[in-house]
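Everything below concerns the one structure shown next.
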Amino acid sequence: MSKTKYTYAVARIRALEVSLLTNAVIEQLLACKSAEQALQLLVEKGWGDLTAGMLDVDEVLNKEEEKMWQTIREVAPDMHVFDVLSLPKLYHNLKAAIKEVCTEVENKNIFYDDCEIPGEEMFALVQNKEFDKLPGNMPATAREAFDTLLHTRDGQLCDLIIDHATLEAMLEAGKKSGEKIIEEYAQTAVAIADIKIAVRSQKTGKNAEFMKKAMVNCSEINVDQLTQAALAGAEEIAQYLEGTSYREGADALRISPSAFERWCDNKMTDSMRSQKYESFSVGPLLAYLLARQNEIKTVRIILTGKQNEFPDEAIRERIREMYV
């Protein structure tokens with residue numbers, strides 16, 4: 001393919017990057033006295049749908065996610081390279097559908113519709129056991145998770161099966177994309193997921209078998225070593241991370257759980273900063289997507305915190321760094 005196939009798309013993204021929220025705007029949101037005031041500030045900056053007069057938190061944030069993907073669809077020469085970003089939603093729909101069918105408990109608003117198989121369609125496929133209509137390696141995963149939940153009623157084991165398959169699918173999608181930056185993103189996302197699994201498993205006393213079934217080997221994390229560290233304690237996880245490219249996570253882990261979660265998201269943002277200087281690749285588009293996802297998540301943290309009257313410092317500890 002021509003080296004210039006992304007030139008137009010990158011030019012469009014560069015023009016849109018000036019509208020991304022800066023750390024200064026995040027400080028303005030933090031200074032607002034209420035969630036309503038913060039939401040009004042966002043609406044004034046073009047968030048939500050001005051024609052609909054939106055002032056509902058979920059509606060505004062969902063609208064921003066729609067805008068984000070619509071922008072990429074308009075400019076990207078090939079949307080398939082972004083499959084790695086939509087796979088978590090696709091597998092979430094599978095998980096939610098299996099739980100609804102097996103437990104016969106209906107949960108509204110738990111499905112995503114902006115992925116390859118929307119919620120209602122996924123539910124119908126699972127209800128009719130039409131697993132072969134699922135893409136990729138999902139049929140085998142769906143059968144195993146469905147049978148496991150149906151016969152054991154172990155929701156956590158069902159989650160483990162699907163979450164593990166999600167990480168494997170992301171690595172595979174990264175390789176298939178043919179784009180180095182997409183493959184690197186997948187490797188980083190899976191590595192951070194492995195680290196999160198280790199941290200949470202250590203806190204909840206999970207055994208080695210559980211962790212190895214949950215984690216997926218990737219280029220920068222040794223699952224066996226990380227598992228042994230988790231079995232030994234939180235400090236041992238930190239010491240293991242210090243010998244990897246994720247060493248900053250060790251300091252965050254020692255501070256607090258919220259500092260660690262914040263570091264996980266910041267690590268993804270930091271991994272994209274070099275794309276500010278790219279002009280002929282998919283990198284800037286991926287960076288823009290992740291930047292938008294990051295700012296939407298950060299805004300949600302701020303608005304939720306203010307709705308629940310959390311102290312500003314408690315909210316500040318959880319907010320993410322902005323891309324710009």
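Labeling convention for the structure tokens: chains A, B, ... as they appear, residues from 1 per chain, ligands from 1 in order of appearance.
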Q: Write out as a PyMOL selection string the residues lying within 7 Å of region 172-183 of chain A, counting only C-alpha atoms and excluding same-chain residues fewer than 5 positions away.
A: chain A and resi 81+83-84+283
Non-local contacts of region 206-209 of chain A (8 Å; only C-alpha atoms; under 6 positions in same chain excluded) as a compact mmCIF listing (two decimals) with N, CA and C atoms, in the first residue's frame:
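Saved result, part05.txt, follows:
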```txt
# COMPACT_ATOMS: atom_id res chain seq x y z
N THR A 227 3.20 -14.74 38.26
CA THR A 227 2.35 -15.55 39.13
C THR A 227 3.06 -15.86 40.45
N GLN A 228 4.32 -16.26 40.36
CA GLN A 228 5.08 -16.55 41.58
C GLN A 228 5.23 -15.32 42.46
N LEU A 231 1.95 -14.73 44.28
CA LEU A 231 1.77 -15.67 45.39
C LEU A 231 2.58 -15.26 46.62
```
**Study point:** Per-residue DSSP, region 91-274 of chain A, filtered to alpha helix (DSSP H), as JSON, numbers by chain
**Key:** {"A": [91, 92, 93, 94, 95, 96, 97, 98, 99, 100, 101, 102, 103, 119, 120, 121, 122, 123, 124, 125, 126, 127, 138, 139, 140, 141, 142, 143, 144, 145, 146, 147, 148, 149, 150, 151, 152, 155, 156, 157, 158, 159, 160, 161, 162, 163, 164, 165, 166, 167, 168, 169, 170, 171, 172, 173, 174, 175, 176, 180, 181, 182, 183, 184, 185, 186, 187, 188, 189, 190, 191, 192, 193, 194, 195, 196, 197, 198, 199, 200, 201, 202, 203, 204, 208, 209, 210, 211, 212, 213, 214, 223, 224, 225, 226, 227, 228, 229, 230, 231, 232, 234, 235, 236, 237, 238, 239, 240, 241, 248, 249, 250, 251, 252, 253, 254, 255, 257, 258, 259, 260, 261, 262, 263, 264, 265, 266, 267, 268, 269, 270]}
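Non-sequential neighbours of Gln70 (chain A) (distance at most 12 Å, separation of 6 or more positions within a chain, only C-alpha atoms) are Lys63, Glu64, Ala76, Met79, Asp114 and Leu289 of chain A.
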Please, could you write that set of residues out with C-alpha atoms as a compact mmCIF listing (two decimals), in the first residue's frame?
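Once written, out-v8.txt looks like this:
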```
# COMPACT_ATOMS: atom_id res chain seq x y z
CA LYS A 63 -22.58 10.67 22.57
CA GLU A 64 -18.88 11.52 22.75
CA ALA A 76 -9.68 5.63 8.16
CA MET A 79 -11.36 -0.01 9.88
CA ASP A 114 -21.01 -0.31 18.75
CA LEU A 289 -8.91 7.07 19.73
```
So that I can check the surroundings of Thr141 (chain A), please list as a PyMOL selection string every protein, DNA and RNA residue that reaches within 9 Å of it, counting only C-alpha atoms and ignoring chain neighbours fewer than 6 positions away.
chain A and resi 161-162+165
Store the residues picked out above, limited to N, CA and C atoms, as a PDB file, in the first residue's frame.
```
ATOM      1  N   ILE A 161     -12.853 -17.612  31.621  1.00  0.00           N
ATOM      2  CA  ILE A 161     -12.741 -18.227  30.294  1.00  0.00           C
ATOM      3  C   ILE A 161     -12.855 -17.170  29.195  1.00  0.00           C
ATOM      4  N   ILE A 162     -13.837 -16.284  29.333  1.00  0.00           N
ATOM      5  CA  ILE A 162     -14.075 -15.272  28.293  1.00  0.00           C
ATOM      6  C   ILE A 162     -13.011 -14.181  28.333  1.00  0.00           C
ATOM      7  N   ALA A 165      -9.861 -15.440  26.698  1.00  0.00           N
ATOM      8  CA  ALA A 165     -10.041 -15.485  25.244  1.00  0.00           C
ATOM      9  C   ALA A 165      -9.982 -14.081  24.640  1.00  0.00           C
TER      10      ALA A 165
END
```
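CA of Leu150 (chain A) is positioned 9.2 Å from CA of Val101 (chain A).
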Shell around region 270-281 of chain A at 9 Å using only C-alpha atoms, local window under 3 positions removed, as a tab-separated table (two decimals) with N, CA and C atoms, in the first residue's frame:
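Saved the output as part04.tsv:
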```
chain	number	residue	atom	x	y	z
A	3	LYS	N	2.63	4.61	0.99
A	3	LYS	CA	3.00	5.18	2.29
A	3	LYS	C	2.12	6.36	2.65
A	4	THR	N	1.50	6.96	1.63
A	4	THR	CA	0.71	8.17	1.87
A	4	THR	C	-0.78	7.90	2.09
A	5	LYS	N	-1.16	6.63	2.25
A	5	LYS	CA	-2.60	6.33	2.34
A	5	LYS	C	-3.24	6.94	3.59
A	6	TYR	N	-2.42	7.25	4.61
A	6	TYR	CA	-2.97	7.83	5.83
A	6	TYR	C	-2.79	9.35	5.91
A	7	THR	N	-2.22	9.94	4.86
A	7	THR	CA	-1.92	11.38	4.91
A	7	THR	C	-3.16	12.23	5.18
A	10	VAL	N	-4.54	11.56	8.78
A	10	VAL	CA	-3.71	12.18	9.83
A	10	VAL	C	-3.93	13.69	9.85
A	11	ALA	N	-4.07	14.29	8.68
A	11	ALA	CA	-4.31	15.74	8.62
A	11	ALA	C	-5.61	16.09	9.34
A	14	ARG	N	-5.06	15.69	13.12
A	14	ARG	CA	-4.28	16.80	13.67
A	14	ARG	C	-5.19	18.02	13.93
A	179	GLU	N	0.08	-3.64	11.15
A	179	GLU	CA	0.58	-2.34	11.59
A	179	GLU	C	1.37	-2.50	12.88
A	181	ILE	N	2.40	-0.41	15.15
A	181	ILE	CA	1.89	0.31	16.32
A	181	ILE	C	0.66	-0.37	16.91
A	184	GLU	N	1.95	-3.37	18.82
A	184	GLU	CA	2.57	-2.92	20.07
A	184	GLU	C	1.50	-2.53	21.09
A	185	TYR	N	0.44	-1.89	20.60
A	185	TYR	CA	-0.66	-1.54	21.50
A	185	TYR	C	-1.26	-2.80	22.12
A	188	THR	N	0.99	-4.21	24.80
A	188	THR	CA	0.96	-3.39	26.01
A	188	THR	C	-0.35	-3.59	26.77
A	265	ASP	N	-3.76	3.26	33.10
A	265	ASP	CA	-4.31	4.04	31.99
A	265	ASP	C	-3.28	5.03	31.44
A	266	ASN	N	-2.52	5.66	32.35
A	266	ASN	CA	-1.51	6.61	31.90
A	266	ASN	C	-0.44	5.93	31.04
A	267	LYS	N	-0.13	4.68	31.38
A	267	LYS	CA	0.87	3.93	30.61
A	267	LYS	C	0.42	3.79	29.16
A	284	PRO	N	-1.26	7.97	14.49
A	284	PRO	CA	-1.99	9.12	15.01
A	284	PRO	C	-3.49	8.86	15.19
A	285	LEU	N	-4.08	8.00	14.34
A	285	LEU	CA	-5.50	7.67	14.48
A	285	LEU	C	-5.72	6.85	15.74
A	286	LEU	N	-4.84	5.87	15.96
A	286	LEU	CA	-4.93	5.06	17.18
A	286	LEU	C	-4.73	5.93	18.41
A	287	ALA	N	-3.75	6.82	18.35
A	287	ALA	CA	-3.48	7.71	19.48
A	287	ALA	C	-4.68	8.59	19.79
A	288	TYR	N	-5.33	9.09	18.73
A	288	TYR	CA	-6.52	9.93	18.92
A	288	TYR	C	-7.64	9.15	19.59
A	290	LEU	N	-7.41	6.50	21.54
A	290	LEU	CA	-7.06	6.24	22.95
A	290	LEU	C	-7.14	7.51	23.78
A	291	ALA	N	-6.75	8.65	23.17
A	291	ALA	CA	-6.84	9.93	23.89
A	291	ALA	C	-8.29	10.27	24.21
A	321	GLU	N	-3.83	11.37	33.04
A	321	GLU	CA	-3.11	12.41	32.31
A	321	GLU	C	-3.70	12.53	30.90
A	323	TYR	N	-3.62	13.49	26.82
A	323	TYR	CA	-2.68	13.25	25.71
A	323	TYR	C	-2.04	14.53	25.24
A	324	VAL	N	-2.79	15.64	25.30
A	324	VAL	CA	-2.25	16.92	24.80
A	324	VAL	C	-1.77	17.77	25.97
```
With the cut-off set at 8 Å and counting only C-alpha atoms, tabulate each residue of region 233-312 of chain A with an atom at most that distance from an atom of region 29-45 of chain A, showing the nearest atom pair and its distance in Å to one decimal, ordered by chain and increasing number, as a tab-separated table.
```
residue	atom	partner	partner_atom	distance
A:Ile302	CA	A:Leu30	CA	6.8
A:Leu303	CA	A:Ala35	CA	5.1
A:Thr304	CA	A:Ala35	CA	7.5
A:Lys306	CA	A:Ala35	CA	5.2
A:Gln307	CA	A:Ala35	CA	5.6
A:Asp312	CA	A:Leu30	CA	6.8
```
Take the residues from that selection and write them out as a compact mmCIF listing (two decimals), in the first residue's frame, keeping N, CA, C and O atoms.
```txt
# COMPACT_ATOMS: atom_id res chain seq x y z
N ILE A 302 -14.56 12.30 37.20
CA ILE A 302 -14.81 13.60 37.84
C ILE A 302 -16.29 13.81 38.12
O ILE A 302 -16.68 14.17 39.24
N LEU A 303 -17.14 13.55 37.13
CA LEU A 303 -18.57 13.78 37.30
C LEU A 303 -19.16 12.83 38.34
O LEU A 303 -19.97 13.26 39.18
N THR A 304 -18.75 11.57 38.31
CA THR A 304 -19.25 10.62 39.31
C THR A 304 -18.79 11.02 40.70
O THR A 304 -19.56 10.93 41.67
N LYS A 306 -18.12 14.01 41.79
CA LYS A 306 -18.86 15.19 42.25
C LYS A 306 -20.31 14.84 42.58
O LYS A 306 -20.89 15.40 43.52
N GLN A 307 -20.89 13.92 41.81
CA GLN A 307 -22.26 13.48 42.11
C GLN A 307 -22.33 12.84 43.50
O GLN A 307 -23.33 12.96 44.20
N ASP A 312 -12.27 16.77 46.58
CA ASP A 312 -11.53 17.01 45.34
C ASP A 312 -10.23 16.21 45.27
O ASP A 312 -9.85 15.72 44.21
```
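For the choices A:Cys218, A:Ala198, A:Ala193, A:Cys264, the atom-to-atom distance to Gly233 (chain A) is smallest for A:Ala198 when using only C-alpha atoms.
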